Amino acid sequence: MSASNPGHPEGIGGGPLVDGPHDPEHDPRASYVLEPDYVATLTDRVLATSGTSVTLVSPLDGAPLANIPQSSEDDVAEAYRRARVAQAAWARTSMEQRAAVMLRLHDLLLERMPDLLDIITLENGKARKHAYDEVIHTALTARYYARMSAKHMATERRGGVIPLATRIDINHVPKGVVGIISPWNYPLTMALSDGLPALMAGNAVVAKPDAQTMLTALMGVKLMDEAGFPKDLWQVVAGPGRQLGTPMIDRSDYICFTGSTATGKLIARQCADRLIGASLELGGKNPLLVLRDADVEKAAEGAVRASFSNAGQLCVSAERIFVADQVYDRFVERFVARTQAMTLGATLDWEVDMGPLISADQLDTVNAHVDDAVEKGARVLTGGKARPDLAPYYYEPTILEGVSPDMTCFGHETFGPVVSIYRFHDESDAIARANDGEYGLNAAIFSQDGTRARAIARQIKCGTVNINEAFGATFGSVAAPMGGMRESGMGRRQGAEGIHRYTETQSVGTQRVVKLSPQFGLSSEQYAKVQTLGLKMLNKLGRA
Ligand code: NAD
């Protein structure tokens, strides 16, 4: 594994970055500094009057990046007040008007790509290529909902109780103000993409991005302002979730939460108390299956992306790989070789294959999981140690063999670049082991027989299953619903489901010509007989 030399980011000279005190001869780590005026244009967008701020630190070099003003509970209340006023006006705009603004956002995301990539990498630490994935995902989501919302939101006609005489219209009406609480791991797309269908459905949003990645979320919101969304329609508050979460839930008409299962359960209980809906996109312990007929080279390449994209800090990342006996040795050899060939680094360069973890907390968890496994007898096939020479919270991509149920990383989400590899003899056993545990977010299957792999997919208890791909086939297909089964969540983002969650379904029935009560001089008994006859006839005609 090699470390890339820090280079000059694309953004220097006109973008958000100024060159830092970096001296490559004496310190191989990068150091970047943000332009203070640029930071101010972002932080202005936080509704915060508390007078306090929190310093954001870059995981690339541990250096301070920016001070983020913190919101009080009063600020949260004010954010909802403003959002409600804005929502009332927005709900009266046409779908065409909303779509035109959304398409401008799509183009702006692509135009400002270099600056977005700089900020995401600087703030989150992820490799630039993984930052690119999320800019693209946000743009895809914007375009999908710009083009498809009119269809998903259109009033539908359905059959009524008396054919022809009862007209039924199904309306999708906006919930009102949606609270979005998002994590740090995909700081742009998690902060923005869930909110885009909420806006297309006629809602307003109050967003609380994770405290560690506020700048990326704010940059996305600035692009929304520039695209032409009314400013008050998307409010941003900043602060700890345990402080701002409850005031948000108390005022929201719906909550969209992405984060850990533990926090998701807390939020679900509070939403239940208010009888408001919530979509909860939570953790996973995702399996990847390599079947006996897999193309081993493709599977090894896919396993690297599945396990180490975003340094494994990805909800759909594979943390357990089950490999058929027949290809086990070849697969392990190729997987280890490909992992060892990765370029490790903590810079803004495209060449980096994996960046550092985001924080000391993440590093502590990864260290604890690997140390525990090794102490109890697991073998490290590659990796297995922190690399402070690359960045303060760097941990090598790590493959473990011989992991057993008494080890923490067997069933608990590590959320880092650590994957355990297991051998299987028959497929039904592999399916049972993949389904073991409480989670059910994402799975991957590698096989040259698509039909067989799709049949196995139906037996896997996960919200998304990718065949011959790590996670991108479903995650990138924004028309496909995405979310978790079991303790990986409730509700779905993306597709029609991703916009309908932000609406109330309203049925409007119009009764015409024939009344739903006795008429034409019939007694109640005669009316009942006629109706019963009608039901029998409809059944004979095969009607629903
Ligand atoms: P987390 O639950 O600690 O934090 C996520 C968000 O919730 C942050 O904005 C945080 O400030 C807020 N929060 C924390 N406590 C809160 C509370 N009591 N009330 C309201 N909000 C609160 O999660 P994390 O550890 O930062 O993120 C990583 C987790 O997120 C992993 O488990 C990962 O699998 C999961 N995740 C899931 C998806 C998905 O789509 N399923 C996507 C990304 C991350």
# chains A, B, ... in the order shown; residues from 1 in each chain; ligands from 1

$ residues_near_ligand --ligand "ligand 1" --cutoff "8 Å" --atoms "only C-alpha atoms and all ligand atoms" --output "ChimeraX atom specification"
/A:181-186,190,208-211,239-246,257-264,266-267,280-284,313-316,413,415,441,482-484,488-489

$ select_by_dssp --residues "stretch 251-348 of chain A" --states "strand (DSSP E or B)" --output "PyMOL selection string"
chain A and resi 254-258+277-281+286-290+318-324+343-344

$ write_last_selection --atoms "C-alpha atoms" --output "compact mmCIF listing (two decimals), in the first residue's frame"
# COMPACT_ATOMS: atom_id res chain seq x y z
CA TYR A 254 -42.59 14.32 9.42
CA ILE A 255 -39.04 13.31 10.30
CA CYS A 256 -36.46 11.95 7.89
CA PHE A 257 -33.60 10.54 9.89
CA THR A 258 -30.39 8.89 8.72
CA GLY A 277 -44.46 9.59 10.45
CA ALA A 278 -40.74 9.04 10.10
CA SER A 279 -38.39 7.38 7.68
CA LEU A 280 -35.41 5.89 9.45
CA GLU A 281 -32.33 4.95 7.42
CA ASN A 286 -24.00 -6.06 5.22
CA PRO A 287 -23.16 -9.43 3.65
CA LEU A 288 -21.46 -10.02 0.31
CA LEU A 289 -21.76 -13.50 -1.21
CA VAL A 290 -19.27 -14.91 -3.71
CA ALA A 318 -19.90 -4.91 3.17
CA GLU A 319 -18.54 -6.02 6.53
CA ARG A 320 -19.03 -9.79 6.02
CA ILE A 321 -17.94 -11.73 2.95
CA PHE A 322 -19.11 -15.33 2.46
CA VAL A 323 -17.17 -17.23 -0.20
CA ALA A 324 -17.94 -20.62 -1.77
CA THR A 343 -3.23 4.06 -2.74
CA LEU A 344 -3.71 5.30 0.78

$ atom_distance --atom1 "atom CA of A:Glu469" --atom2 "atom CA of A:Ala432"
20.9 Å

$ atom_distance --atom1 "atom CA of A:Gly509" --atom2 "atom CA of A:Ile170"
8.8 Å

$ closest_residue --among "A:Ala306, A:Lys126, A:Arg143, A:Asn67" --to "A:Tyr394" --atoms "only C-alpha atoms"
A:Lys126

$ select_by_dssp --residues "stretch 335-536 of chain A" --states "helix (DSSP H, G or I)" --output "ChimeraX atom specification"
/A:335-340,360-375,408-411,427-434,450-457,472-475,486-488,495-500,524-536

$ write_last_selection --atoms "C-alpha atoms" --output "CSV table (one decimal), in the first residue's frame"
chain,number,residue,atom,x,y,z
A,335,PHE,CA,-8.9,-9.7,-2.7
A,336,VAL,CA,-5.8,-9.3,-0.5
A,337,ALA,CA,-3.6,-8.4,-3.5
A,338,ARG,CA,-6.1,-5.7,-4.7
A,339,THR,CA,-6.4,-4.3,-1.2
A,340,GLN,CA,-2.6,-4.1,-0.8
A,360,ALA,CA,-10.9,9.9,16.9
A,361,ASP,CA,-14.2,8.2,18.0
A,362,GLN,CA,-14.4,6.3,14.7
A,363,LEU,CA,-10.7,5.3,15.1
A,364,ASP,CA,-11.3,4.1,18.6
A,365,THR,CA,-14.2,1.9,17.5
A,366,VAL,CA,-12.1,0.4,14.6
A,367,ASN,CA,-9.1,-0.2,16.9
A,368,ALA,CA,-11.3,-1.8,19.5
A,369,HIS,CA,-13.1,-4.1,17.0
A,370,VAL,CA,-9.8,-5.3,15.4
A,371,ASP,CA,-7.9,-5.7,18.7
A,372,ASP,CA,-10.8,-7.7,20.2
A,373,ALA,CA,-10.9,-10.0,17.2
A,374,VAL,CA,-7.2,-10.5,17.1
A,375,GLU,CA,-7.0,-11.2,20.9
A,408,THR,CA,-17.5,-7.8,18.6
A,409,CYS,CA,-17.0,-7.4,14.9
A,410,PHE,CA,-18.9,-10.6,14.1
A,411,GLY,CA,-22.4,-9.0,14.5
A,427,GLU,CA,-25.6,-21.9,-0.5
A,428,SER,CA,-28.5,-22.4,1.9
A,429,ASP,CA,-26.0,-22.2,4.7
A,430,ALA,CA,-24.6,-19.0,3.2
A,431,ILE,CA,-28.0,-17.4,2.9
A,432,ALA,CA,-28.9,-18.3,6.5
A,433,ARG,CA,-25.6,-16.8,7.7
A,434,ALA,CA,-26.1,-13.7,5.6
A,450,GLY,CA,-28.0,-13.7,-13.0
A,451,THR,CA,-31.2,-15.7,-12.8
A,452,ARG,CA,-29.9,-17.9,-9.9
A,453,ALA,CA,-28.5,-14.8,-8.1
A,454,ARG,CA,-31.8,-13.0,-8.4
A,455,ALA,CA,-33.6,-16.1,-6.9
A,456,ILE,CA,-31.1,-16.0,-4.0
A,457,ALA,CA,-31.7,-12.3,-3.6
A,472,GLY,CA,-23.9,1.2,-6.7
A,473,ALA,CA,-26.4,-0.7,-8.8
A,474,THR,CA,-29.2,0.1,-6.3
A,475,PHE,CA,-27.9,3.3,-4.6
A,486,ARG,CA,-35.5,-5.2,10.4
A,487,GLU,CA,-33.2,-2.9,12.5
A,488,SER,CA,-31.8,-1.2,9.5
A,495,GLY,CA,-38.3,6.4,-6.4
A,496,ALA,CA,-42.0,7.0,-6.0
A,497,GLU,CA,-41.7,5.8,-2.4
A,498,GLY,CA,-39.2,8.5,-1.7
A,499,ILE,CA,-41.6,11.3,-2.5
A,500,HIS,CA,-44.9,9.7,-1.3
A,524,SER,CA,-84.1,-1.4,3.2
A,525,GLU,CA,-84.6,-5.1,2.8
A,526,GLN,CA,-85.2,-4.9,-0.9
A,527,TYR,CA,-82.3,-2.5,-1.3
A,528,ALA,CA,-80.0,-5.0,0.6
A,529,LYS,CA,-81.1,-7.8,-1.8
A,530,VAL,CA,-80.4,-5.7,-4.9
A,531,GLN,CA,-77.0,-4.8,-3.5
A,532,THR,CA,-76.2,-8.4,-2.6
A,533,LEU,CA,-77.1,-9.4,-6.2
A,534,GLY,CA,-74.9,-6.7,-7.5
A,535,LEU,CA,-71.9,-8.0,-5.4
A,536,LYS,CA,-72.4,-11.5,-6.8

$ residues_around --residues "A:Lys222" --least-positions-apart "3" --cutoff "8 Å" --atoms "only C-alpha atoms" --output "mmCIF file with N, CA and C atoms, in the first residue's frame"
data_model
loop_
_atom_site.group_PDB
_atom_site.id
_atom_site.type_symbol
_atom_site.label_atom_id
_atom_site.label_comp_id
_atom_site.auth_asym_id
_atom_site.auth_seq_id
_atom_site.Cartn_x
_atom_site.Cartn_y
_atom_site.Cartn_z
ATOM 1 N N LEU A 42 -20.992 30.765 3.868
ATOM 2 C CA LEU A 42 -21.689 29.505 4.176
ATOM 3 C C LEU A 42 -22.344 29.568 5.562
ATOM 4 N N ARG A 45 -25.713 31.065 6.576
ATOM 5 C CA ARG A 45 -26.976 30.381 6.251
ATOM 6 C C ARG A 45 -27.533 29.586 7.441
ATOM 7 N N LEU A 218 -23.959 23.165 4.079
ATOM 8 C CA LEU A 218 -24.245 24.585 3.820
ATOM 9 C C LEU A 218 -23.917 24.958 2.386
ATOM 10 N N MET A 219 -22.874 24.350 1.841
ATOM 11 C CA MET A 219 -22.550 24.641 0.454
ATOM 12 C C MET A 219 -23.680 24.148 -0.458
ATOM 13 N N ASP A 225 -30.107 27.973 -2.933
ATOM 14 C CA ASP A 225 -30.499 29.394 -2.973
ATOM 15 C C ASP A 225 -30.236 29.961 -4.375
ATOM 16 N N GLU A 226 -29.045 29.631 -4.883
ATOM 17 C CA GLU A 226 -28.646 30.160 -6.189
ATOM 18 C C GLU A 226 -29.555 29.612 -7.298
#

$ residues_around --residues "A:Ala544" --least-positions-apart "5" --cutoff "9 Å" --atoms "only C-alpha atoms" --output "list in words"
Gly159, Leu538 and Asn539 of chain A

$ write_last_selection --atoms "all heavy atoms" --output "PDB file, in the first residue's frame"
ATOM      1  N   GLY A 159     -61.283   2.838  -8.920  1.00  0.00           N
ATOM      2  CA  GLY A 159     -62.668   2.381  -8.974  1.00  0.00           C
ATOM      3  C   GLY A 159     -63.413   2.710  -7.686  1.00  0.00           C
ATOM      4  O   GLY A 159     -62.857   2.606  -6.594  1.00  0.00           O
ATOM      5  N   LEU A 538     -70.722  -8.736  -9.740  1.00  0.00           N
ATOM      6  CA  LEU A 538     -69.379  -8.160  -9.902  1.00  0.00           C
ATOM      7  C   LEU A 538     -68.306  -9.231  -9.731  1.00  0.00           C
ATOM      8  O   LEU A 538     -67.288  -9.240 -10.434  1.00  0.00           O
ATOM      9  CB  LEU A 538     -69.155  -7.019  -8.898  1.00  0.00           C
ATOM     10  CG  LEU A 538     -69.906  -5.725  -9.213  1.00  0.00           C
ATOM     11  CD1 LEU A 538     -69.775  -4.726  -8.063  1.00  0.00           C
ATOM     12  CD2 LEU A 538     -69.386  -5.074 -10.496  1.00  0.00           C
ATOM     13  N   ASN A 539     -68.552 -10.149  -8.792  1.00  0.00           N
ATOM     14  CA  ASN A 539     -67.580 -11.232  -8.592  1.00  0.00           C
ATOM     15  C   ASN A 539     -67.509 -12.117  -9.834  1.00  0.00           C
ATOM     16  O   ASN A 539     -66.420 -12.482 -10.295  1.00  0.00           O
ATOM     17  CB  ASN A 539     -67.951 -12.056  -7.353  1.00  0.00           C
ATOM     18  CG  ASN A 539     -66.815 -12.997  -6.960  1.00  0.00           C
ATOM     19  OD1 ASN A 539     -65.659 -12.742  -7.321  1.00  0.00           O
ATOM     20  ND2 ASN A 539     -67.126 -14.070  -6.270  1.00  0.00           N
TER      21      ASN A 539
END

$ closest_residue --among "A:Leu400, A:Leu357, A:Thr141, A:Ala341" --to "A:Ala386" --atoms "only C-alpha atoms"
A:Leu357

$ closest_atom_pairs --of "stretch 419-525 of chain A" --to "stretch 294-300 of chain A" --cutoff "9 Å" --atoms "only C-alpha atoms" --output "JSON lines"
{"residue": "A:Ile445", "atom": "CA", "partner": "A:Ala299", "partner_atom": "CA", "distance": 8.8}
{"residue": "A:Phe446", "atom": "CA", "partner": "A:Ala294", "partner_atom": "CA", "distance": 5.4}
{"residue": "A:Ser447", "atom": "CA", "partner": "A:Ala294", "partner_atom": "CA", "distance": 4.0}
{"residue": "A:Gln448", "atom": "CA", "partner": "A:Ala294", "partner_atom": "CA", "distance": 5.4}
{"residue": "A:Asp449", "atom": "CA", "partner": "A:Ala294", "partner_atom": "CA", "distance": 8.2}
{"residue": "A:Asn468", "atom": "CA", "partner": "A:Ala299", "partner_atom": "CA", "distance": 7.1}
{"residue": "A:Glu469", "atom": "CA", "partner": "A:Ala299", "partner_atom": "CA", "distance": 8.2}
{"residue": "A:Ala470", "atom": "CA", "partner": "A:Ala299", "partner_atom": "CA", "distance": 8.9}

$ write_last_selection --atoms "C-alpha atoms" --output "PDB file, in the first residue's frame"
ATOM      1  CA  ILE A 445     -24.054 -11.341  -4.664  1.00  0.00           C
ATOM      2  CA  PHE A 446     -21.362 -12.243  -7.197  1.00  0.00           C
ATOM      3  CA  SER A 447     -22.304 -14.959  -9.688  1.00  0.00           C
ATOM      4  CA  GLN A 448     -22.208 -15.413 -13.463  1.00  0.00           C
ATOM      5  CA  ASP A 449     -25.765 -16.724 -13.379  1.00  0.00           C
ATOM      6  CA  ASN A 468     -22.167  -8.318  -9.479  1.00  0.00           C
ATOM      7  CA  GLU A 469     -21.891  -4.877  -7.882  1.00  0.00           C
ATOM      8  CA  ALA A 470     -21.054  -3.689  -4.381  1.00  0.00           C
TER       9      ALA A 470
END
